[in-house]
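Trainee: After the structure tokens below, expect a handful of questions from me.
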Amino acid sequence: MPINITMPALSPTMEEGNLAKWLVKEGDQVSAGDVIAEIETDKATMEVEAVDEGTVGKIVVPEGTAGVKVNALIAVLLEDGEDAGAIDTAAASPAPAAAAAPAEAPAEAAPAAAASAPAGPAPVANDGSRIFASPLARRLAKLNNLDLAALIGTGPHGRIVKRDIEAAISAGTGKAAPAADAPKAAAAAPALAAGPSADQVLNLFDEDSYELVPHDGMRKTIAKRLTESKQTIPHFYVSVDCELDALLALRAQLNGAAASDKDGKPAYKLSVNDMTIKALALALRDVPDANVSWTDENMVMHKHADVGVAVSIPGGLITPIIRRAEEKSLSVISNEMKDLGKRAKERKLKPEEYQGGTTAVSNMGMMGVKDFSAVVNPPHATILAVGAGEKRAVVKDDAVAIATVMTVTLSTDHRCVDGALGAQLLGAFKGYIENPMSMLV
Amino acid sequence: MADTNYDVIIIGSGPGGYVTAIRAAQLGLKTAIVEREHMGGICLNWGCIPTKALLRSAEIYHYMQHAKDYGLSAEKISFDPAAVVNRSRGVSGQLAGGVGFLMKKNKVDIIWGEGKVTKAGEVTVSKTSKKAMEPQHPAPKGTKGEGVYKAKHIIVATGARPRVIPGIEPDGKDIWTYFEAMVPPTMPKSLIVMGSGAIGIEFASFYKTMGADVTVIEMMPTIMPVEDPEISELAKKQMEKQGIKFLLEAKVSQVKKSAKGVTATVETKDGKTQDLTAEKLISAVGVVGNIENLGLEELGVKTDRGCVVIDGYGRTNVPGIYAIGDVAGPPMLAHKAEHEGVICVEKIAGKDVHAMDKSMIPGCTYCHPQVASVGLTEPKAKEAGYDVKVGRFPFIGNGKAIALGEPDGLIKTIFDAKTGQLLGAHMVGAEVTELIQGYVVAMNLETTEEDLMHTVFPHPTLSEMMKESVLDAYGRVLNM
């Protein structure tokens with residue numbers, strides 16, 4: 001029997017992914033453990049390994065296919081002695097993902113929009129982009145009270161056509177918000193203004209003065225999450241200057257004392273960033289009311305400080321997490337960070353390594369930035385923006401003195417962390433930075 | 001040793017087969033096509049194309065006879081049957097040669113001979129046993145010959161041939177099929193046409209224009225039974241005006257040959273019989289798939305009523321064996337075969353294609369007046385449970401039609417009253433075979449009446465009637 005290779009779930013919550021690349025082609029021999037494909041989820045690129053050995057008989061989902069459902073058939077592996085003729089029967093049972101998608105996908109995407117006006121101008125999605133649907137599909141959607149924005153088109157270039165409407169009707173998906181509920185929903189969450197449409201933007205420029213680069217999964221996720229954050233989280237910002245001289249001295253001392261391994265490489269090499277992570281984690285331990293997440297029903301009080309660290313990578317950024325950072329020694333944090341940072345740049349992080357967290361650090365000090373404010377990345381309630389440590393004139397004992405100073409700005413979700421609480425957290429953080437020995441005990 | 005391994009081998013180079021071969025080659029598949037007789041198949045050699053050439057001669061002859069209607073004079077009008085036939089053969093030969101060129105251009109190997117699927121993945125080509133219909137166009141140069149060839153995918157595109165009614169077997173002399181009707185040595189003075197489908201009606205129209213006394217015998221209550229009855233009736237009336245006689249709900253029970261030609265005994269619905277005598281009889285009672293001697297039976301390929309059974313992608317029940325076109329079932333039309341073939345190889349190449357949708361395949365008949373249609377007829381739409389809105393616009397209301405001297409005809413559109421979906425369009429009149437594609441595009445893009453009403457049609461054209469018909473369906477017709 002040919003062996004079906006299906007879309008793997010790379011994390012417990014993963015529902016779909018993009019088939020980024022095939023590393024094998026039809027006819028290739030593979031053994032168990034060979035990397036055969038790369039799957040791109042919203043933030044990471046993961047490798048898919050062959051579980052059985054055999055010959056790749058058929059690639060069902062071509063590379064570059066977006067939104068492939070978990071468990072959808074992506075390829076068929078032939079065992080010894082089987083030929084491609086056996087495939088059709090094997091592949092026939094589970095429908096390929098792309099074709100099966102329309103009936104199941106829509107539910108999550110459905111925004112609470114009133115029925116769009118199908119017969120008039122082309123319908124517009126909540127983000128302002130045009131929804132491509134045939135005239136008949138638009139009218140059928142209206143007659144059946146379906147929201148086109150919630151449907152996936154299977155016509156040319158993803159156009160929504162009659163069969164997509166029929167699929168949604170039979171699957172019971174894609175319902176537009178009932179008319180009676182619409183005013184209530186509108187009162188609870190007034191519709192957000194859509195940004196300018198692609199056409200509106202492009203019309204401002206000469207046609208030959210730019211190139212269009214399609215968004216990858218990471219870019220879309222960044223755009224979606226941060227827009228959501230700024231639109232739904234009431235941000236406020238608290239800044240404080242921290243003197244770094246003591247911390248730099250301690251860092252030099254600790255790094256000097258690091259044992260060397262057999263190649264003469266030190267066992268650890270602490271950075272200011274590693275110490276910042278630790279200081280923030282300890283400050284959250286000391287001010288537990290600030291180590292929270294907001295949900296509409298409850299305050300989520302976290303028992304540990306899981307600190308996300310923004311890592312800039314080509315094409316975007318990702319925030320791997322140092323879990324239970326308050327419990328970890330500086331050397332452990334430092335080495336863990338090096339590993340996460342390296343794998344982040346290779347887009348090899350597992351989703352559980354960057355999903356979640358209770359706060360985050362974004363450090364642009366190494367780029368010479370003096371200070372900035374960051375966007376809270378839910379479910380976090382806070383994010384700390386760290387500027388460069390630089391020598392500044394400070395007033396000490398009524399005299400001007402020189403000190404290495406770094407400005408940090410805490411962005412806070414005001415729904416769960418109020419101003420005074422934010423200030424208290426930042427005070428605790430400053431305490432650890434300026435008295436760094438306290439981080440060691 | 002010559003390379004005999006291919007990704008795809010197609011048996012039959014008709015419009016389905018050769019288009020499939022080109023598309024396969026475009027997709028990077030190593031492709032060969034097996035042909036035993038003539039590049040381009042029946043369509044180019046004995047079907048669509050040469051009949052259009054004959055009908056064009058008839059049309060011009062008709063206009064010459066009616067020159068006075070246009071203020072012109074033409075005297076001593078006559079024709080040379082051999083020259084008319086020669087022109088038709090020339091047109092056919094030019095296009096058949098073109099197919100050979102297209103194969104070469106696309107690096108498709110031509111294997112000359114009779115193909116048989118000897119086992120999965122293997123086609124054995126042997127010398128052609130069938131006696132070719134004369135005159136034959138020359139075979140293309142540089143073809144491969146008899147031998148055993150391998151291919152992962154074998155597509156059967158062997159087309160169809162005239163259906164034969166027992167007792168009325170064509171003899172090539174007095175009882176003709178379309179083969180003989182295409183190359184008459186002389187124009188018969190009288191003719192019986194058995195069957196009023198596209199083939200029968202086109203020959204009836206041609207021979208009537210060329211002066212024959214023509215009687216058409218049809219078993220069904222309307223001529224061109226697949227067409228909308230209202231359109232069939234209008235076409236019939238106009239052809240009756242030209243002098244064609246029709247016997248409907250009638251059946252030829254036997255045919256006797258005599259020195260004068262043939263005498264057909266015709267049974268009508270009321271149980272009466274009558275004898276009709278004519279110089280020739282054309283049997284045009286449909287076609288059957290060429291499913292024999294291909295090895296299909298031995299391999300267990302499923303067939304039904306003379307055609308190979310396939311899914312929406314041309315796949316048979318045996319992996320690696322496909323069928324497209326006439327041999328794979330109705331509607332037996334060249335453009336259906338081409339599209340079926342394209343879908344078939346795109347699926348083979350792993351493209352994301354949708355299965356064949358047979359509900360939007362247009363049909364054209366090139367009689368005088370022409371008939372063209374797409375989608376559901378009015379009775380079929382009602383049968384399917386639609387509440388319909390029907391629009392009609394006659395040629396007499398169109399400026400261009402009057403200027404052309406073609407005031408007879410009708411464009412009929414059928415909409416689903418609930419959704420505005422265009423369910424079908426049916427036309428009879430001058431040039432309608434060139435008009436129908438507008439509605440075919442509209443149906444494929446899933447337009448509603450609203451979009452068609454918003455579309456600007458150029459003036460003065462026959463196409464304006466297409467919009468008027470839509471407007472009429474919604475009570476908004478302008479020029480009536």
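Here's how to read the names in the structure tokens: chain A, B, ... by the order shown, residue numbers from 1 in each chain, ligand numbers from 1 in the order shown.
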If the cut-off is 10 Å, can you tell me the residues of chain B near chain A, counting only C-alpha atoms? I'd like them as an MDAnalysis selection string.
Mentor: chainID B and resid 120:121 152:153 315 317:321 350:354 418:422 443:451
Trainee: Would you mind exporting the chosen residues as a tab-separated table (two decimals), in the first residue's frame, restricted to C-alpha atoms?
Mentor:
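Wrote it out as selection_8.tsv, contents follow:
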```
chain	number	residue	atom	x	y	z
B	120	ALA	CA	-0.65	-0.78	-18.38
B	121	GLY	CA	2.07	1.63	-19.46
B	152	LYS	CA	3.25	6.35	-17.62
B	153	HIS	CA	0.02	7.84	-18.89
B	315	ARG	CA	-9.41	9.00	-15.67
B	317	ASN	CA	-11.13	2.90	-13.69
B	318	VAL	CA	-7.65	1.58	-14.63
B	319	PRO	CA	-4.80	3.73	-13.26
B	320	GLY	CA	-2.62	5.19	-16.00
B	321	ILE	CA	-5.31	4.89	-18.68
B	350	GLY	CA	-0.20	17.88	-10.82
B	351	LYS	CA	-1.91	21.18	-11.59
B	352	ASP	CA	-4.78	22.30	-9.45
B	353	VAL	CA	-7.59	21.98	-12.00
B	354	HIS	CA	-11.32	21.74	-11.65
B	418	LYS	CA	-34.46	33.78	-7.93
B	419	THR	CA	-30.75	34.42	-8.42
B	420	GLY	CA	-30.47	35.99	-11.86
B	421	GLN	CA	-28.15	33.19	-12.97
B	422	LEU	CA	-28.01	32.82	-16.75
B	443	MET	CA	-21.95	31.88	-17.85
B	444	ASN	CA	-18.40	30.85	-16.97
B	445	LEU	CA	-17.83	34.08	-15.09
B	446	GLU	CA	-21.14	33.54	-13.31
B	447	THR	CA	-22.68	36.80	-14.36
B	448	THR	CA	-26.22	37.68	-13.50
B	449	GLU	CA	-28.71	39.63	-15.62
B	450	GLU	CA	-27.46	42.79	-13.95
B	451	ASP	CA	-23.93	42.49	-15.29
```
Trainee: List as a PyMOL selection string the protein and nucleic acid residues near range 283-294 of chain A, meaning an atom at most 9 Å away when only C-alpha atoms are counted, but skip any in the same chain fewer than 5 places from it.
Mentor: chain A and resi 278+299-305+326+358-359+378-382+413+415-418+421-422+424-432
Trainee: Name the residues in contact with Val375 in chain A at a cut-off of 12 Å, using only C-alpha atoms, excluding same-chain residues fewer than 4 positions from it; report them as a ChimeraX atom specification.
Mentor: /A:222-223,225-237,310,359-362,379-385,409-413
Trainee: Leaving out Arg305 in chain B and any residue of its chain fewer than 5 positions from it, which residues lie within 10 Å of it when counting only C-alpha atoms, given as a list in words?
Mentor: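 Close residues of Arg305 in chain B: Val288, Gly289 and Gly329 of chain B.
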Trainee: Go ahead and write the selection's residues with C-alpha atoms as a CSV table (one decimal), in the first residue's frame.
Mentor:
```csv
chain,number,residue,atom,x,y,z
B,288,VAL,CA,-20.5,5.6,-31.5
B,289,GLY,CA,-17.2,5.7,-29.7
B,329,GLY,CA,-19.0,10.1,-24.2
```
Trainee: B:Pro50, B:Pro162, B:Pro184, B:Gly115: which is nearest Glu292 in chain B, counting only C-alpha atoms?
Mentor: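 Smallest separation from Glu292 in chain B among the options: B:Gly115.
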Trainee: Show which residues sit within 12 Å of Asp216 in chain A, as a PyMOL selection string. Count only C-alpha atoms, and ignore same-chain residues fewer than 2 positions away.
Mentor: chain A and resi 17-20+40-45+64-67+213-214+218-223+314-316
Trainee: Please identify which residues in range 13-244 of chain B DSSP calls helix (DSSP H, G or I) from the backbone, and express them as number ranges by chain.
Mentor: B: 15-26, 41-46, 48-65, 67-70, 81-105, 178-182, 198-209, 229-242
Trainee: Which residues, written as a list of chain:residue names, have at least one atom at most 9 Å from Thr20 in chain B, with only C-alpha atoms counted and residues fewer than 4 positions away on the same chain left out?
Mentor: B:Ile10, B:Pro15, B:Gly16, B:Ala24, B:Ala25, B:Ile155, B:Ala337, B:Glu338, B:His339, B:Glu340, B:Gly341, B:Val342, B:Ile343, B:Cys344, B:Val345
Trainee: Select from range 35-156 of chain B everything DSSP, run on the backbone, classes as strand (DSSP E), then give the selection as a list in words.
Mentor: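 Strand (DSSP E) assignments inside range 35-156 of chain B correspond to Glu35, Asp109, Ile110, Ile111, Trp112, Glu114, Gly115, Lys116, Val117, Thr118, Lys119, Glu122, Val123, Thr124, Val125, Ser126, Gly147, Val148, Tyr149, Lys150, Ala151, Lys152, His153, Ile154, Ile155 and Val156 of chain B.
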Trainee: Find the residues around Val266 in chain B up to 7 Å (only C-alpha atoms counted), leave out those fewer than 2 positions away in its own chain, and share them as number ranges by chain.
Mentor: B: 250-253, 264, 268, 273-275
Trainee: Please report the interatomic distance between CA of Asp296 in chain A and CA of Gly419 in chain A in Å with one decimal.
Mentor: 20.0 Å
Trainee: Which residue, A:Lys328, A:Cys242, A:Met366, A:Ala257, has the smallest gap to Thr404 in chain A when you use only C-alpha atoms?
Mentor: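 Nearest to Thr404 in chain A: A:Cys242.
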Trainee: How many Å lie between CA of Gly33 in chain A and CA of Tyr354 in chain A, rounded to one decimal?
Mentor: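 According to the coordinates, CA of Gly33 in chain A and CA of Tyr354 in chain A are separated by 24.9 Å.
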Trainee: Would you work out the distance separating CA of Ile154 in chain B from CA of Ile49 in chain B, expressed in Å to one decimal?
Mentor: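 A separation of 27.2 Å between them.
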